[in-house]
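> The following block contains the structure, expressed as structure tokens.
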Amino acid sequence: MGRQLLLDKVNVAGINTYDVYRKEGGYRSVEKALKKMTPEEVLEEVKTSGLRGRGGAGFPTGMKWSFIAKPEGVPRFLLCNADESEPGTFKDRYLMEKIPHLLVEGMVTSSYALGANQGYIYIRGEYMYVLRILEKAIAEAYQNGWLGKNILGSGYDFDLAVTCGAGAYICGEETALIESLEGERGNPRIKPPFPAVKGLWQNPTVVNNVETIAAVVPIINDGGAEYAKIGIGRSTGTKLISASGNINKPGVFEIEMNITVEEFIYSDQYCGGIKNGKKLKACVPGGSSVPILPHYLVCKTAAGQDRLMSYESLADGGFATGSMLGSGGFVVYDEDQCIVRNTWNFTRFYHHESCGQCSPCREGTGWMEKVLHRLEYGHGKMEDIDLLWDIQRKIEGNTICPLGDAAAWPVAAAIRHFREEFEWHVNEPVRCLEKNYGLVAEKVFEPVTA
Ligand SMILES: Cc1cc2nc3c(=O)[nH]c(=O)nc-3n(C[C@H](O)[C@H](O)[C@H](O)COP(=O)(O)O)c2cc1C
């Protein structure tokens, strides 16, 4: 197991409580930042660390922070994105549930760098029990002087509250999150202006993922340069990966990003290999939005290099032969899984979650779902495969927010790498149905409207 910066204390009994967290060295980053550093110095450390946003896009955190506008007399906000609704991703939940004070600590230190005096943790509605855990941690932090007025006598004030959504994936998109926090329907805004200029109530705002904010704690404790030594290239530090699917050891792992995908899947320290001794068929390395990789591109790049668990290596080859690290939702498929069924399932999700503002996404996700449904249930035609390809191309890049892209990419990659399987659904629908559902075909033939 590589270095653990976020989960190193996860197994310490009572680490979810303030007393144990503090005894184990908690809130040192706040002490260091507020007593010994200027906000600019904290920002510099984060820049030096090379930390990239852990919410999916991998944008450099220090650079994002440096964009925040600082007009005189205008409040600034730090929002923590704890919406975590991407299928396959459950790392933020684990972190908040096990070590809630790490996030609270990261919020204080990060807000100090930004000059923000108010922060909100926006958590998805389904994580209600985690919201209670965070509320308790925040109350403890107030009681012990880490939140509120004049923290540690530094003259710096910071208030933190946790607020919950109602279970909409779109509210994880940062401007939809802001709308939702303002009490509006969670519709993404047209950018620019970006939140760093006009965010919450039109004030300068930074939105960061839970893991990004937590990572600021070890960066300030040990220094950005130490953090940057871990990992490889521009993939510095550690990354939380939530691993699921047909593997022996599903769960959340903290990895150094220079390990190979092969090691991650097959080593007992991580996923422990494919379940029941089956063969690897495919892998979605970064949550449902990223392109699926067929088995021969999972552990090796198209050029035959070992594929690493890094931003760059997972993206090697572009979308033709690569994918993305995304949110770290790593889903493994064995030889028995049906890619058409999986693609239909993902598409159903995106259609359901589309906010409906942009017609390519609102209509296109619905059409894709319909076409995939009829392919899956044995009513598909060969032309449907090209129709699907055409629809996804018309969605990608044509929407206000990237939910449209997120819906298009999995469909494109599935057709690109598994066209034969789509064709098999057209040519041998009865056998496909029997394989996927173990039923006599006639019983599951449903009427599907064109
Ligand atoms: C539809 C959609 C859903 C998203 N959901 C999340 C989410 O649940 N959590 C998250 O951190 N980022 C999510 N993002 C990305 C955010 O818009 C934003 O980039 C991120 O919170 C920035 O934080 P980071 O720089 O720390 O990664 C989502 C984006 C889109 C388009």
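Identifiers in the structure tokens: chain A, B, ... in order shown; residue index from 1 per chain; ligand index from 1 in order shown.
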When you look at Gln392 (chain A) with a cut-off of 8 Å (counting only C-alpha atoms), what residues show up, excluding the ones that are within fewer than 6 positions of it in the same chain? I need them as a PyMOL selection string.
chain A and resi 364+368+407-409+411-412
> Could you give me, as a VMD selection string, the residues within 10 Å of region 72-79 of chain A, counting only C-alpha atoms and dropping anything in the same chain fewer than 3 positions from it?
chain A and resid 65 68 to 69 82 107 to 108 110 to 112 114 to 122 160 to 162 174 177 to 178 181 195 to 210 213
> I need the residues from that last selection saved to file as a PDB file, in the first residue's frame (with C-alpha atoms), if you can.

```pdb
ATOM      1  CA  TRP A  65      -8.276  29.718  -6.297  1.00  0.00           C
ATOM      2  CA  ILE A  68     -11.266  34.428  -7.294  1.00  0.00           C
ATOM      3  CA  ALA A  69     -12.252  38.063  -7.656  1.00  0.00           C
ATOM      4  CA  ALA A  82     -20.539  16.765  -1.644  1.00  0.00           C
ATOM      5  CA  MET A 107     -12.747  24.016   4.780  1.00  0.00           C
ATOM      6  CA  VAL A 108     -11.255  26.375   7.376  1.00  0.00           C
ATOM      7  CA  SER A 110      -8.920  26.636   2.322  1.00  0.00           C
ATOM      8  CA  SER A 111     -11.327  29.465   3.132  1.00  0.00           C
ATOM      9  CA  TYR A 112      -8.544  31.340   4.900  1.00  0.00           C
ATOM     10  CA  LEU A 114      -9.482  32.514  -0.319  1.00  0.00           C
ATOM     11  CA  GLY A 115     -10.472  35.203   2.162  1.00  0.00           C
ATOM     12  CA  ALA A 116     -13.916  33.619   2.442  1.00  0.00           C
ATOM     13  CA  ASN A 117     -15.779  34.079   5.703  1.00  0.00           C
ATOM     14  CA  GLN A 118     -18.657  31.739   4.959  1.00  0.00           C
ATOM     15  CA  GLY A 119     -18.614  28.178   3.653  1.00  0.00           C
ATOM     16  CA  TYR A 120     -21.275  25.637   2.817  1.00  0.00           C
ATOM     17  CA  ILE A 121     -21.049  21.904   2.373  1.00  0.00           C
ATOM     18  CA  TYR A 122     -23.696  20.922  -0.170  1.00  0.00           C
ATOM     19  CA  LEU A 160     -19.611  26.827   8.122  1.00  0.00           C
ATOM     20  CA  ALA A 161     -22.963  25.181   7.496  1.00  0.00           C
ATOM     21  CA  VAL A 162     -24.054  21.986   5.815  1.00  0.00           C
ATOM     22  CA  GLU A 174     -21.128  23.712  -9.799  1.00  0.00           C
ATOM     23  CA  LEU A 177     -25.295  23.618  -7.081  1.00  0.00           C
ATOM     24  CA  ILE A 178     -25.140  27.377  -6.558  1.00  0.00           C
ATOM     25  CA  LEU A 181     -28.173  26.615  -2.654  1.00  0.00           C
ATOM     26  CA  PRO A 195     -18.374  31.346 -10.098  1.00  0.00           C
ATOM     27  CA  ALA A 196     -14.971  32.796  -9.157  1.00  0.00           C
ATOM     28  CA  VAL A 197     -16.344  36.120 -10.399  1.00  0.00           C
ATOM     29  CA  LYS A 198     -20.104  35.750  -9.915  1.00  0.00           C
ATOM     30  CA  GLY A 199     -21.124  32.732  -7.881  1.00  0.00           C
ATOM     31  CA  LEU A 200     -23.337  32.448  -4.839  1.00  0.00           C
ATOM     32  CA  TRP A 201     -25.701  35.449  -4.780  1.00  0.00           C
ATOM     33  CA  GLN A 202     -23.474  36.904  -7.529  1.00  0.00           C
ATOM     34  CA  ASN A 203     -20.462  36.984  -5.200  1.00  0.00           C
ATOM     35  CA  PRO A 204     -17.000  35.492  -5.864  1.00  0.00           C
ATOM     36  CA  THR A 205     -17.216  31.784  -5.074  1.00  0.00           C
ATOM     37  CA  VAL A 206     -15.024  28.716  -5.288  1.00  0.00           C
ATOM     38  CA  VAL A 207     -16.611  25.284  -5.582  1.00  0.00           C
ATOM     39  CA  ASN A 208     -14.399  22.338  -4.720  1.00  0.00           C
ATOM     40  CA  ASN A 209     -14.921  18.644  -4.266  1.00  0.00           C
ATOM     41  CA  VAL A 210     -14.793  17.024  -0.790  1.00  0.00           C
ATOM     42  CA  ILE A 213     -10.631  20.261   0.198  1.00  0.00           C
TER      43      ILE A 213
END
```
> Using only C-alpha atoms and all ligand atoms, which residues of the polymer chains come no farther than 6 Å from ligand 1? I'd like the answer as a PDB file with N, CA, C and O atoms, in the first residue's frame.

```pdb
ATOM      1  N   GLY A  53      -8.316  19.231  -9.027  1.00  0.00           N
ATOM      2  CA  GLY A  53      -9.665  18.993  -8.500  1.00  0.00           C
ATOM      3  C   GLY A  53     -10.060  17.536  -8.600  1.00  0.00           C
ATOM      4  O   GLY A  53      -9.918  16.919  -9.659  1.00  0.00           O
ATOM      5  N   ARG A  54     -10.570  16.998  -7.509  1.00  0.00           N
ATOM      6  CA  ARG A  54     -10.912  15.567  -7.455  1.00  0.00           C
ATOM      7  C   ARG A  54     -12.370  15.292  -7.796  1.00  0.00           C
ATOM      8  O   ARG A  54     -12.860  14.174  -7.641  1.00  0.00           O
ATOM      9  N   GLY A  55     -13.091  16.334  -8.253  1.00  0.00           N
ATOM     10  CA  GLY A  55     -14.512  16.151  -8.565  1.00  0.00           C
ATOM     11  C   GLY A  55     -14.752  15.560  -9.937  1.00  0.00           C
ATOM     12  O   GLY A  55     -15.867  15.190 -10.271  1.00  0.00           O
ATOM     13  N   GLY A  56     -13.712  15.485 -10.758  1.00  0.00           N
ATOM     14  CA  GLY A  56     -13.881  14.870 -12.083  1.00  0.00           C
ATOM     15  C   GLY A  56     -13.060  15.512 -13.169  1.00  0.00           C
ATOM     16  O   GLY A  56     -12.428  14.839 -13.973  1.00  0.00           O
ATOM     17  N   ALA A  57     -13.039  16.846 -13.204  1.00  0.00           N
ATOM     18  CA  ALA A  57     -12.383  17.512 -14.327  1.00  0.00           C
ATOM     19  C   ALA A  57     -10.862  17.635 -14.138  1.00  0.00           C
ATOM     20  O   ALA A  57     -10.128  17.820 -15.111  1.00  0.00           O
ATOM     21  N   GLY A  58     -10.390  17.561 -12.913  1.00  0.00           N
ATOM     22  CA  GLY A  58      -8.939  17.605 -12.670  1.00  0.00           C
ATOM     23  C   GLY A  58      -8.310  18.966 -12.893  1.00  0.00           C
ATOM     24  O   GLY A  58      -7.116  19.076 -13.199  1.00  0.00           O
ATOM     25  N   PHE A  59      -9.080  20.033 -12.704  1.00  0.00           N
ATOM     26  CA  PHE A  59      -8.542  21.385 -12.911  1.00  0.00           C
ATOM     27  C   PHE A  59      -7.612  21.747 -11.741  1.00  0.00           C
ATOM     28  O   PHE A  59      -7.946  21.488 -10.581  1.00  0.00           O
ATOM     29  N   THR A  61      -6.135  23.141  -8.637  1.00  0.00           N
ATOM     30  CA  THR A  61      -6.856  23.835  -7.562  1.00  0.00           C
ATOM     31  C   THR A  61      -6.267  25.214  -7.267  1.00  0.00           C
ATOM     32  O   THR A  61      -6.999  26.194  -7.111  1.00  0.00           O
ATOM     33  N   ASN A  81     -18.484  20.691  -2.693  1.00  0.00           N
ATOM     34  CA  ASN A  81     -19.387  19.881  -3.496  1.00  0.00           C
ATOM     35  C   ASN A  81     -19.386  18.444  -2.972  1.00  0.00           C
ATOM     36  O   ASN A  81     -18.462  17.671  -3.225  1.00  0.00           O
ATOM     37  N   ALA A  82     -20.401  18.121  -2.198  1.00  0.00           N
ATOM     38  CA  ALA A  82     -20.539  16.765  -1.644  1.00  0.00           C
ATOM     39  C   ALA A  82     -21.780  16.105  -2.244  1.00  0.00           C
ATOM     40  O   ALA A  82     -22.451  15.308  -1.597  1.00  0.00           O
ATOM     41  N   ASP A  83     -22.071  16.468  -3.498  1.00  0.00           N
ATOM     42  CA  ASP A  83     -23.291  15.953  -4.135  1.00  0.00           C
ATOM     43  C   ASP A  83     -23.103  14.496  -4.591  1.00  0.00           C
ATOM     44  O   ASP A  83     -24.063  13.739  -4.638  1.00  0.00           O
ATOM     45  N   GLU A  84     -21.897  14.141  -4.936  1.00  0.00           N
ATOM     46  CA  GLU A  84     -21.487  12.771  -5.292  1.00  0.00           C
ATOM     47  C   GLU A  84     -22.605  11.857  -5.814  1.00  0.00           C
ATOM     48  O   GLU A  84     -23.020  10.926  -5.123  1.00  0.00           O
ATOM     49  N   SER A  85     -23.058  12.148  -7.020  1.00  0.00           N
ATOM     50  CA  SER A  85     -24.139  11.324  -7.577  1.00  0.00           C
ATOM     51  C   SER A  85     -23.708  10.514  -8.790  1.00  0.00           C
ATOM     52  O   SER A  85     -24.532   9.834  -9.401  1.00  0.00           O
ATOM     53  N   TYR A 169     -28.734  14.630  -9.629  1.00  0.00           N
ATOM     54  CA  TYR A 169     -27.345  14.556 -10.105  1.00  0.00           C
ATOM     55  C   TYR A 169     -26.884  15.902 -10.654  1.00  0.00           C
ATOM     56  O   TYR A 169     -25.744  16.307 -10.453  1.00  0.00           O
ATOM     57  N   ILE A 170     -27.781  16.603 -11.324  1.00  0.00           N
ATOM     58  CA  ILE A 170     -27.393  17.866 -11.956  1.00  0.00           C
ATOM     59  C   ILE A 170     -26.907  18.881 -10.913  1.00  0.00           C
ATOM     60  O   ILE A 170     -26.106  19.771 -11.222  1.00  0.00           O
ATOM     61  N   GLY A 172     -24.801  18.524  -8.800  1.00  0.00           N
ATOM     62  CA  GLY A 172     -23.358  18.409  -8.608  1.00  0.00           C
ATOM     63  C   GLY A 172     -22.604  19.319  -9.559  1.00  0.00           C
ATOM     64  O   GLY A 172     -21.428  19.624  -9.330  1.00  0.00           O
ATOM     65  N   GLU A 173     -23.235  19.738 -10.633  1.00  0.00           N
ATOM     66  CA  GLU A 173     -22.591  20.704 -11.546  1.00  0.00           C
ATOM     67  C   GLU A 173     -22.526  22.028 -10.782  1.00  0.00           C
ATOM     68  O   GLU A 173     -23.511  22.463 -10.186  1.00  0.00           O
ATOM     69  N   GLU A 174     -21.358  22.661 -10.794  1.00  0.00           N
ATOM     70  CA  GLU A 174     -21.128  23.712  -9.799  1.00  0.00           C
ATOM     71  C   GLU A 174     -22.105  24.882  -9.855  1.00  0.00           C
ATOM     72  O   GLU A 174     -22.478  25.421  -8.805  1.00  0.00           O
ATOM     73  N   VAL A 207     -15.964  26.577  -5.860  1.00  0.00           N
ATOM     74  CA  VAL A 207     -16.611  25.284  -5.582  1.00  0.00           C
ATOM     75  C   VAL A 207     -15.538  24.209  -5.718  1.00  0.00           C
ATOM     76  O   VAL A 207     -14.871  24.132  -6.754  1.00  0.00           O
ATOM     77  N   ASN A 208     -15.361  23.438  -4.670  1.00  0.00           N
ATOM     78  CA  ASN A 208     -14.399  22.338  -4.720  1.00  0.00           C
ATOM     79  C   ASN A 208     -15.022  21.055  -4.192  1.00  0.00           C
ATOM     80  O   ASN A 208     -15.890  21.081  -3.316  1.00  0.00           O
ATOM     81  N   ASN A 209     -14.491  19.971  -4.688  1.00  0.00           N
ATOM     82  CA  ASN A 209     -14.921  18.644  -4.266  1.00  0.00           C
ATOM     83  C   ASN A 209     -14.446  18.341  -2.830  1.00  0.00           C
ATOM     84  O   ASN A 209     -13.453  18.913  -2.358  1.00  0.00           O
ATOM     85  N   THR A 212     -10.817  17.191  -2.665  1.00  0.00           N
ATOM     86  CA  THR A 212      -9.886  18.289  -2.959  1.00  0.00           C
ATOM     87  C   THR A 212      -9.641  19.095  -1.684  1.00  0.00           C
ATOM     88  O   THR A 212      -8.495  19.408  -1.337  1.00  0.00           O
ATOM     89  N   CYS A 401     -24.061  22.662 -19.959  1.00  0.00           N
ATOM     90  CA  CYS A 401     -23.156  22.021 -18.982  1.00  0.00           C
ATOM     91  C   CYS A 401     -22.702  20.671 -19.517  1.00  0.00           C
ATOM     92  O   CYS A 401     -23.250  20.154 -20.485  1.00  0.00           O
ATOM     93  N   PRO A 402     -21.700  20.084 -18.875  1.00  0.00           N
ATOM     94  CA  PRO A 402     -21.162  18.815 -19.416  1.00  0.00           C
ATOM     95  C   PRO A 402     -22.018  17.577 -19.161  1.00  0.00           C
ATOM     96  O   PRO A 402     -21.557  16.487 -19.455  1.00  0.00           O
ATOM     97  N   LEU A 403     -23.245  17.716 -18.631  1.00  0.00           N
ATOM     98  CA  LEU A 403     -24.052  16.499 -18.480  1.00  0.00           C
ATOM     99  C   LEU A 403     -24.318  15.871 -19.847  1.00  0.00           C
ATOM    100  O   LEU A 403     -24.345  14.655 -19.990  1.00  0.00           O
TER     101      LEU A 403
END
```
> Show which residues sit within 10 Å of Asp19 (chain A), as a JSON list (two decimals) with N, CA and C atoms, in the first residue's frame. Count only C-alpha atoms, and ignore same-chain residues fewer than 5 positions away.

```
[["chain", "number", "residue", "atom", "x", "y", "z"],
["A", 14, "GLY", "N", -12.72, 5.85, 17.07],
["A", 14, "GLY", "CA", -13.26, 7.15, 17.48],
["A", 14, "GLY", "C", -12.74, 8.33, 16.68],
["A", 24, "GLU", "N", -5.00, 12.96, 17.47],
["A", 24, "GLU", "CA", -4.21, 12.37, 16.38],
["A", 24, "GLU", "C", -3.60, 13.46, 15.49],
["A", 26, "GLY", "N", -5.19, 16.41, 14.53],
["A", 26, "GLY", "CA", -6.17, 17.16, 13.75],
["A", 26, "GLY", "C", -6.11, 18.66, 14.01],
["A", 140, "GLU", "N", -18.97, 20.49, 17.01],
["A", 140, "GLU", "CA", -17.77, 20.28, 17.85],
["A", 140, "GLU", "C", -16.67, 21.29, 17.50],
["A", 144, "ASN", "N", -15.00, 24.12, 20.02],
["A", 144, "ASN", "CA", -13.57, 24.13, 20.33],
["A", 144, "ASN", "C", -12.80, 25.27, 19.65]]
```
> With distances taken over only C-alpha atoms, which of A:Glu97, A:Asp92, A:Glu182, A:Glu421 is nearest to Gln337 (chain A)?
A:Glu421
> Give the strand (DSSP E or B) residues of region 311-346 of chain A, as DSSP finds them on the backbone, and put them as a ChimeraX atom specification.
/A:329-334
> Could you dump the residues just selected with N, CA and C atoms as a short mmCIF file (atom, residue, chain, number, x, y, z; two decimals), in the first residue's frame?

```cif
data_model
loop_
_atom_site.label_atom_id
_atom_site.label_comp_id
_atom_site.auth_asym_id
_atom_site.auth_seq_id
_atom_site.Cartn_x
_atom_site.Cartn_y
_atom_site.Cartn_z
N GLY A 329 -14.42 6.72 -9.90
CA GLY A 329 -15.40 5.62 -9.74
C GLY A 329 -15.01 4.50 -10.68
N PHE A 330 -14.32 3.51 -10.16
CA PHE A 330 -13.67 2.47 -10.97
C PHE A 330 -14.57 1.23 -10.99
N VAL A 331 -15.17 0.95 -12.16
CA VAL A 331 -16.13 -0.16 -12.25
C VAL A 331 -15.56 -1.24 -13.17
N VAL A 332 -15.50 -2.46 -12.66
CA VAL A 332 -14.88 -3.56 -13.41
C VAL A 332 -15.99 -4.52 -13.88
N TYR A 333 -15.89 -4.96 -15.13
CA TYR A 333 -16.88 -5.87 -15.71
C TYR A 333 -16.22 -7.19 -16.07
N ASP A 334 -16.86 -8.29 -15.71
CA ASP A 334 -16.29 -9.58 -16.11
C ASP A 334 -16.90 -10.02 -17.43
#
```
> Between A:Lys47, A:Arg189, A:Arg348, A:His373, which has the minimum distance to Ser288 (chain A) (counting only C-alpha atoms)?
A:Arg348
> Can I get the residues of region 17-72 of chain A within 9 Å of region 235-258 of chain A, each with the closest pair of atoms and their distance in Å to one decimal, using only C-alpha atoms, sorted chain first then ascending number, as JSON lines?

```
{"residue": "A:Ser49", "atom": "CA", "partner": "A:Thr236", "partner_atom": "CA", "distance": 7.2}
{"residue": "A:Gly50", "atom": "CA", "partner": "A:Thr236", "partner_atom": "CA", "distance": 5.9}
{"residue": "A:Leu51", "atom": "CA", "partner": "A:Thr236", "partner_atom": "CA", "distance": 6.3}
{"residue": "A:Arg52", "atom": "CA", "partner": "A:Ser235", "partner_atom": "CA", "distance": 7.7}
{"residue": "A:Arg54", "atom": "CA", "partner": "A:Lys239", "partner_atom": "CA", "distance": 7.8}
```
> Could you save the residues just selected, with N, CA and C atoms, as a PDB file, in the first residue's frame?

```pdb
ATOM      1  N   SER A  49       1.851  22.227  -4.704  1.00  0.00           N
ATOM      2  CA  SER A  49       1.503  20.809  -4.543  1.00  0.00           C
ATOM      3  C   SER A  49       1.075  20.172  -5.863  1.00  0.00           C
ATOM      4  N   GLY A  50       0.605  20.995  -6.796  1.00  0.00           N
ATOM      5  CA  GLY A  50       0.093  20.449  -8.056  1.00  0.00           C
ATOM      6  C   GLY A  50      -1.280  19.807  -7.901  1.00  0.00           C
ATOM      7  N   LEU A  51      -1.924  20.001  -6.758  1.00  0.00           N
ATOM      8  CA  LEU A  51      -3.246  19.394  -6.522  1.00  0.00           C
ATOM      9  C   LEU A  51      -4.215  19.748  -7.649  1.00  0.00           C
ATOM     10  N   ARG A  52      -4.905  18.719  -8.138  1.00  0.00           N
ATOM     11  CA  ARG A  52      -5.932  18.943  -9.163  1.00  0.00           C
ATOM     12  C   ARG A  52      -7.285  18.517  -8.607  1.00  0.00           C
ATOM     13  N   ARG A  54     -10.570  16.998  -7.509  1.00  0.00           N
ATOM     14  CA  ARG A  54     -10.912  15.567  -7.455  1.00  0.00           C
ATOM     15  C   ARG A  54     -12.370  15.292  -7.796  1.00  0.00           C
TER      16      ARG A  54
END
```
> Applying 8 Å and only C-alpha atoms, which residues near Ser289 (chain A) remain after dropping the ones on its own chain fewer than 4 positions away? List them as a list in words.
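Once the adjacent positions are removed, what remains is Glu86, Gly326, Asp405, Ala406, Ala407, Trp409 and Pro410 of chain A.
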> Could you turn the residues from that selection into a file that holds N, CA and C atoms, as a short mmCIF file (atom, residue, chain, number, x, y, z; two decimals), in the first residue's frame?

```cif
data_model
loop_
_atom_site.label_atom_id
_atom_site.label_comp_id
_atom_site.auth_asym_id
_atom_site.auth_seq_id
_atom_site.Cartn_x
_atom_site.Cartn_y
_atom_site.Cartn_z
N GLU A 86 -22.45 10.63 -9.17
CA GLU A 86 -21.98 9.91 -10.36
C GLU A 86 -22.00 8.40 -10.09
N GLY A 326 -11.45 10.82 -14.16
CA GLY A 326 -12.76 11.33 -13.72
C GLY A 326 -12.85 11.47 -12.21
N ASP A 405 -22.30 15.89 -22.45
CA ASP A 405 -21.09 15.13 -22.83
C ASP A 405 -21.04 13.82 -22.04
N ALA A 406 -21.36 13.93 -20.75
CA ALA A 406 -21.30 12.76 -19.86
C ALA A 406 -22.26 11.67 -20.34
N ALA A 407 -23.35 12.06 -20.97
CA ALA A 407 -24.31 11.08 -21.48
C ALA A 407 -23.84 10.52 -22.82
N TRP A 409 -20.54 10.34 -24.08
CA TRP A 409 -19.27 9.58 -24.11
C TRP A 409 -19.43 8.08 -23.87
N PRO A 410 -20.20 7.66 -22.86
CA PRO A 410 -20.31 6.21 -22.64
C PRO A 410 -20.93 5.48 -23.84
#
```
> Compare A:Trp389, A:Tyr142, A:Tyr377, A:Trp424 by their minimum atom-to-atom distance to Tyr437 (chain A), counting only C-alpha atoms, and give me the closest one.
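Smallest distance to Tyr437 (chain A) is found for A:Tyr377.
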> Counting only C-alpha atoms, which of A:Phe418, A:Gly304, A:Glu335, A:Arg431 gets nearest to Leu280 (chain A)?
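Once distances to Leu280 (chain A) are computed over only C-alpha atoms, the minimum belongs to A:Glu335.
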> So, with only C-alpha atoms as the atoms that count, which of A:Asp336, A:Leu375, A:Pro291, A:Ala113 lies closest to Lys64 (chain A)?
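Among the listed residues, A:Ala113 lies closest to Lys64 (chain A).
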> Which one of A:Leu433, A:Met1, A:Ala302, A:Ala282 sits closest to Ser267 (chain A) if you count only C-alpha atoms?
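The shortest atom-to-atom distance to Ser267 (chain A) comes from A:Met1.
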> At what distance in Å, to one decimal, does CA of Val284 (chain A) lie from CA of Glu428 (chain A)?
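Those two atoms sit 26.2 Å apart.
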> Any idea what the distance is between CA of Ala215 (chain A) and CA of Leu5 (chain A)?
7.7 Å
